Amino acid sequence: MSTILIKHAQVVNEGEQRALDILIKDGRIEKIAGTIDQKADQEINAEGLHLFPGLIDDQVHFREPGLTYKADIFTESRAAVAGGTTSFMEMPNTVPNTLTQKLLQDKYDIAQDTSLANYSFFMGAANDNLDEVLKTNPRDVCGIKVFMGSSTGNMLVDNEKALEAIFSQAPTLIATHCEDEATIQANLAAYKAKYGDEVSIEMHPLIRSEEACYLSSSKAVELAKKNNTRLHILHISTAKEIALFRNDIPLEEKRITAEACIHHLWFSDADYKTKGNFIKWNPAVKTANDRDAILKAVLDGHIDVIATDHAPHTFEEKSQPYLQAPSGGPLVQHALQALLDMVKEGKMTLEQLVQKSAHNTARLFQIEQRGFIREGYWADLVLVDLNKPYTVTKDNILSKCGWSPFENHTFSSTIEHTFVSGNLAYSNGKILEVGSGHRLLFNR
């Protein structure tokens with residue numbers, strides 16, 4: 001029976017801040033009190049540090065199997081833990097696509113051996129795999145992923161009958177990527193006709209446009225309402241889409257929820273001039289007005305959670321001309337620090353940050369005994385120095401791709417320690433535990 005005692009932490013949890021001690025025993029939070037005098041195997045003095053529940057990222061692409069030259073579960077979970085993200089949910093557009101229960105289990109087997117963070121994997125939907133989708137176990141799989149627009153990989157679900165069947169019969173939450181393919185292809189053809197091979201990154205949010213996003217998101221909402229589907233729409237990128245969601249009922253009563261991502265809260269189309277393809281994502285980063293509206297929607301409850309859509313590609317791939325460069329980039333290592341910078345700028349509070357990146361994700365997915373600092377819960381915790389600047393350099397990037405859209409940015413805070421399921425997995429710049437992550441379970 002191993003014990004860790006965290007002393008004198010400023011704990012941010014469930015809407016308040018308090019100076020507390022935390023005792024961890026056998027992976028779980030044994031006791032929370034103003035003062036704990038009990039002896040422990042290890043004691044950490046958290047004087048001057050803030051303690052948060054570990055972030056839960058409901059959308060990452062860790063590229064294993066099949067694309068491990070870009071990333072793998074070990075390297076990207078290492079980056080996650082170094083950034084204070086203790087649990088992740090990974091997407092099915094690996095190679096091969098995760099379209100059978102056997103392929104889904106293969107990913108769990110890899111993670112069991114290599115993941116430093118807690119993990120779950122989405123089952124992928126296609127035009128022709130409904131039988132496999134219906135075998136998904138809601139208890140130990142986070143959800144079913146439907147690409148209603150093409151992105152990295154070939155998983156577009158564009159057959160109307162297939163969509164209707166998935167939405168009407170899915171045994172658990174459906175998460176969707178929403179961009180209307182016909183609109184995108186028409187826009188792309190128009191820009192190619194005008195500019196040929198000179199189509200540039202600045203045109204990306206015009207090709208993958210506001211209308212493409214809204215058409216697809218509104219269609220998903222319509223399908224979900226018709227079939228009473230539990231729908232979660234990922235990476236909202238436009239102000240227009242926000243009206244599709246409610247903020248007048250508690251999260252637990254919502255059948256339709258939404259996610260915002262770090263890049264849509266941080267960047268705008270003005271940044272394409274300096275960042276180029278390195279902020280090329282699907283859906284695209286759009287206007288400053290969209291960015292500000294998404295943040296407002298996060299804070300007022302129209303959008304329920306914050307995630308990353310961490311999706312690494314190699315530097316060489318991203319350095320190609322716009323039309324050849326893939327969409328996506330690494331974000332999981334710096335998500336918490338980016339949000340803490342937004343706190344420092346007065347854009348949100350620490351309590352709101354924790355609610356949207358830990359509490360609400362746990363509630364929305366019904367994750368068992370995680371996402372809160374509570375006695376009896378798993379000890380997924382992160383200790384942060386809010387007043388210790390941290391500059392992102394090539395030397396401290398842990399994602400396998402070796403680059404970041406935040407490179408050379410100095411964040412206002414530093415991640416000091418991360419605990420995953422009670423193990424001290426990261427401390428003072430070093431990874432300490434290997435393979436310490438647990439499979440997430442769901443109260444469904």
# chains A, B, ... in the order shown; residues from 1 in each chain; ligands from 1
>>> residues_around(residues="segment 89-91 of chain A", least_positions_apart="6", cutoff="6 Å", atoms="only C-alpha atoms", output="list in words")
Asp58, Gln59, Val60, His61, Tyr119, Ser120, Phe121 and Phe122 of chain A
>>> residues_around(residues="Gly83 of chain A", least_positions_apart="4", cutoff="7 Å", atoms="only C-alpha atoms", output="PyMOL selection string")
chain A and resi 79+332-336+415
>>> write_last_selection(atoms="all heavy atoms", output="PDB file, in the first residue's frame")
ATOM      1  N   ALA A  79       3.573  13.400 -23.725  1.00  0.00           N
ATOM      2  CA  ALA A  79       3.353  14.841 -23.895  1.00  0.00           C
ATOM      3  C   ALA A  79       2.128  15.297 -23.106  1.00  0.00           C
ATOM      4  O   ALA A  79       2.131  16.367 -22.487  1.00  0.00           O
ATOM      5  CB  ALA A  79       3.189  15.173 -25.377  1.00  0.00           C
ATOM      6  N   VAL A 332      -1.545  18.865 -27.133  1.00  0.00           N
ATOM      7  CA  VAL A 332      -1.902  18.320 -25.822  1.00  0.00           C
ATOM      8  C   VAL A 332      -0.900  18.697 -24.729  1.00  0.00           C
ATOM      9  O   VAL A 332      -1.268  18.836 -23.564  1.00  0.00           O
ATOM     10  CB  VAL A 332      -2.100  16.783 -25.906  1.00  0.00           C
ATOM     11  CG1 VAL A 332      -0.779  16.034 -25.994  1.00  0.00           C
ATOM     12  CG2 VAL A 332      -2.968  16.274 -24.779  1.00  0.00           C
ATOM     13  N   GLN A 333       0.345  18.921 -25.079  1.00  0.00           N
ATOM     14  CA  GLN A 333       1.342  19.247 -24.058  1.00  0.00           C
ATOM     15  C   GLN A 333       1.150  20.647 -23.494  1.00  0.00           C
ATOM     16  O   GLN A 333       1.555  20.915 -22.350  1.00  0.00           O
ATOM     17  CB  GLN A 333       2.767  19.109 -24.628  1.00  0.00           C
ATOM     18  CG  GLN A 333       3.869  19.307 -23.584  1.00  0.00           C
ATOM     19  CD  GLN A 333       5.254  19.073 -24.131  1.00  0.00           C
ATOM     20  OE1 GLN A 333       5.427  18.530 -25.228  1.00  0.00           O
ATOM     21  NE2 GLN A 333       6.271  19.486 -23.393  1.00  0.00           N
ATOM     22  N   HIS A 334       0.531  21.531 -24.263  1.00  0.00           N
ATOM     23  CA  HIS A 334       0.482  22.945 -23.851  1.00  0.00           C
ATOM     24  C   HIS A 334      -0.936  23.472 -23.650  1.00  0.00           C
ATOM     25  O   HIS A 334      -1.128  24.673 -23.472  1.00  0.00           O
ATOM     26  CB  HIS A 334       1.236  23.798 -24.875  1.00  0.00           C
ATOM     27  CG  HIS A 334       2.645  23.332 -25.100  1.00  0.00           C
ATOM     28  ND1 HIS A 334       3.078  22.800 -26.296  1.00  0.00           N
ATOM     29  CD2 HIS A 334       3.695  23.265 -24.248  1.00  0.00           C
ATOM     30  CE1 HIS A 334       4.344  22.450 -26.182  1.00  0.00           C
ATOM     31  NE2 HIS A 334       4.745  22.715 -24.957  1.00  0.00           N
ATOM     32  N   ALA A 335      -1.916  22.576 -23.639  1.00  0.00           N
ATOM     33  CA  ALA A 335      -3.308  23.017 -23.516  1.00  0.00           C
ATOM     34  C   ALA A 335      -3.569  23.730 -22.194  1.00  0.00           C
ATOM     35  O   ALA A 335      -4.168  24.811 -22.157  1.00  0.00           O
ATOM     36  CB  ALA A 335      -4.244  21.822 -23.666  1.00  0.00           C
ATOM     37  N   LEU A 336      -3.139  23.124 -21.084  1.00  0.00           N
ATOM     38  CA  LEU A 336      -3.388  23.734 -19.779  1.00  0.00           C
ATOM     39  C   LEU A 336      -2.675  25.064 -19.652  1.00  0.00           C
ATOM     40  O   LEU A 336      -3.247  26.046 -19.155  1.00  0.00           O
ATOM     41  CB  LEU A 336      -2.956  22.776 -18.663  1.00  0.00           C
ATOM     42  CG  LEU A 336      -3.078  23.301 -17.227  1.00  0.00           C
ATOM     43  CD1 LEU A 336      -4.482  23.815 -16.930  1.00  0.00           C
ATOM     44  CD2 LEU A 336      -2.685  22.207 -16.222  1.00  0.00           C
ATOM     45  N   ILE A 415       4.006  23.503 -15.453  1.00  0.00           N
ATOM     46  CA  ILE A 415       3.484  22.269 -14.864  1.00  0.00           C
ATOM     47  C   ILE A 415       4.596  21.655 -14.033  1.00  0.00           C
ATOM     48  O   ILE A 415       5.671  21.330 -14.566  1.00  0.00           O
ATOM     49  CB  ILE A 415       3.039  21.262 -15.952  1.00  0.00           C
ATOM     50  CG1 ILE A 415       2.182  21.940 -17.036  1.00  0.00           C
ATOM     51  CG2 ILE A 415       2.333  20.060 -15.322  1.00  0.00           C
ATOM     52  CD1 ILE A 415       0.915  22.559 -16.576  1.00  0.00           C
TER      53      ILE A 415
END
>>> residues_around(residues="Leu116 of chain A", least_positions_apart="4", cutoff="12 Å", atoms="only C-alpha atoms", output="MDAnalysis selection string")
chainID A and resid 72:82 84:88 110:112 380 418:426 431:439
>>> atom_distance(atom1="atom CA of Leu67 of chain A", atom2="atom CA of Glu132 of chain A")
23.2 Å
>>> residues_around(residues="Val95 of chain A", least_positions_apart="6", cutoff="9 Å", atoms="only C-alpha atoms", output="PyMOL selection string")
chain A and resi 63-67+153
>>> residues_around(residues="Arg363 of chain A", least_positions_apart="3", cutoff="8 Å", atoms="only C-alpha atoms", output="list of chain:residue names")
A:Leu251, A:Glu252, A:His359, A:Asn360, A:Gln366, A:Ile367
>>> residues_around(residues="Pro53 of chain A", least_positions_apart="4", cutoff="6 Å", atoms="only C-alpha atoms", output="list in words")
Gly371, Phe372, Ile373, Asp380 and Leu381 of chain A
>>> write_last_selection(atoms="all heavy atoms", output="mmCIF file, in the first residue's frame")
data_model
loop_
_atom_site.group_PDB
_atom_site.id
_atom_site.type_symbol
_atom_site.label_atom_id
_atom_site.label_comp_id
_atom_site.auth_asym_id
_atom_site.auth_seq_id
_atom_site.Cartn_x
_atom_site.Cartn_y
_atom_site.Cartn_z
ATOM 1 N N GLY A 371 -12.097 13.184 -12.782
ATOM 2 C CA GLY A 371 -12.497 14.524 -13.182
ATOM 3 C C GLY A 371 -12.772 15.490 -12.047
ATOM 4 O O GLY A 371 -13.019 16.667 -12.281
ATOM 5 N N PHE A 372 -12.730 14.983 -10.810
ATOM 6 C CA PHE A 372 -12.965 15.813 -9.619
ATOM 7 C C PHE A 372 -11.950 15.431 -8.545
ATOM 8 O O PHE A 372 -11.446 14.304 -8.527
ATOM 9 C CB PHE A 372 -14.374 15.576 -9.055
ATOM 10 C CG PHE A 372 -15.492 15.959 -9.979
ATOM 11 C CD1 PHE A 372 -15.940 15.071 -10.960
ATOM 12 C CD2 PHE A 372 -16.106 17.198 -9.884
ATOM 13 C CE1 PHE A 372 -16.977 15.409 -11.812
ATOM 14 C CE2 PHE A 372 -17.147 17.544 -10.728
ATOM 15 C CZ PHE A 372 -17.585 16.648 -11.704
ATOM 16 N N ILE A 373 -11.691 16.357 -7.648
ATOM 17 C CA ILE A 373 -10.857 16.057 -6.474
ATOM 18 C C ILE A 373 -11.807 15.719 -5.336
ATOM 19 O O ILE A 373 -12.329 16.592 -4.641
ATOM 20 C CB ILE A 373 -9.929 17.242 -6.134
ATOM 21 C CG1 ILE A 373 -9.018 17.560 -7.332
ATOM 22 C CG2 ILE A 373 -9.085 16.926 -4.899
ATOM 23 C CD1 ILE A 373 -8.144 18.786 -7.146
ATOM 24 N N ASP A 380 -6.074 11.699 -10.135
ATOM 25 C CA ASP A 380 -5.584 12.309 -11.377
ATOM 26 C C ASP A 380 -5.457 13.797 -11.086
ATOM 27 O O ASP A 380 -6.462 14.516 -11.057
ATOM 28 C CB ASP A 380 -6.574 12.077 -12.523
ATOM 29 C CG ASP A 380 -6.753 10.606 -12.862
ATOM 30 O OD1 ASP A 380 -5.800 9.835 -12.673
ATOM 31 O OD2 ASP A 380 -7.853 10.239 -13.328
ATOM 32 N N LEU A 381 -4.240 14.250 -10.873
ATOM 33 C CA LEU A 381 -4.011 15.584 -10.320
ATOM 34 C C LEU A 381 -2.837 16.254 -11.015
ATOM 35 O O LEU A 381 -1.915 15.586 -11.494
ATOM 36 C CB LEU A 381 -3.710 15.490 -8.815
ATOM 37 C CG LEU A 381 -4.734 14.750 -7.940
ATOM 38 C CD1 LEU A 381 -4.153 14.461 -6.570
ATOM 39 C CD2 LEU A 381 -6.015 15.564 -7.831
#
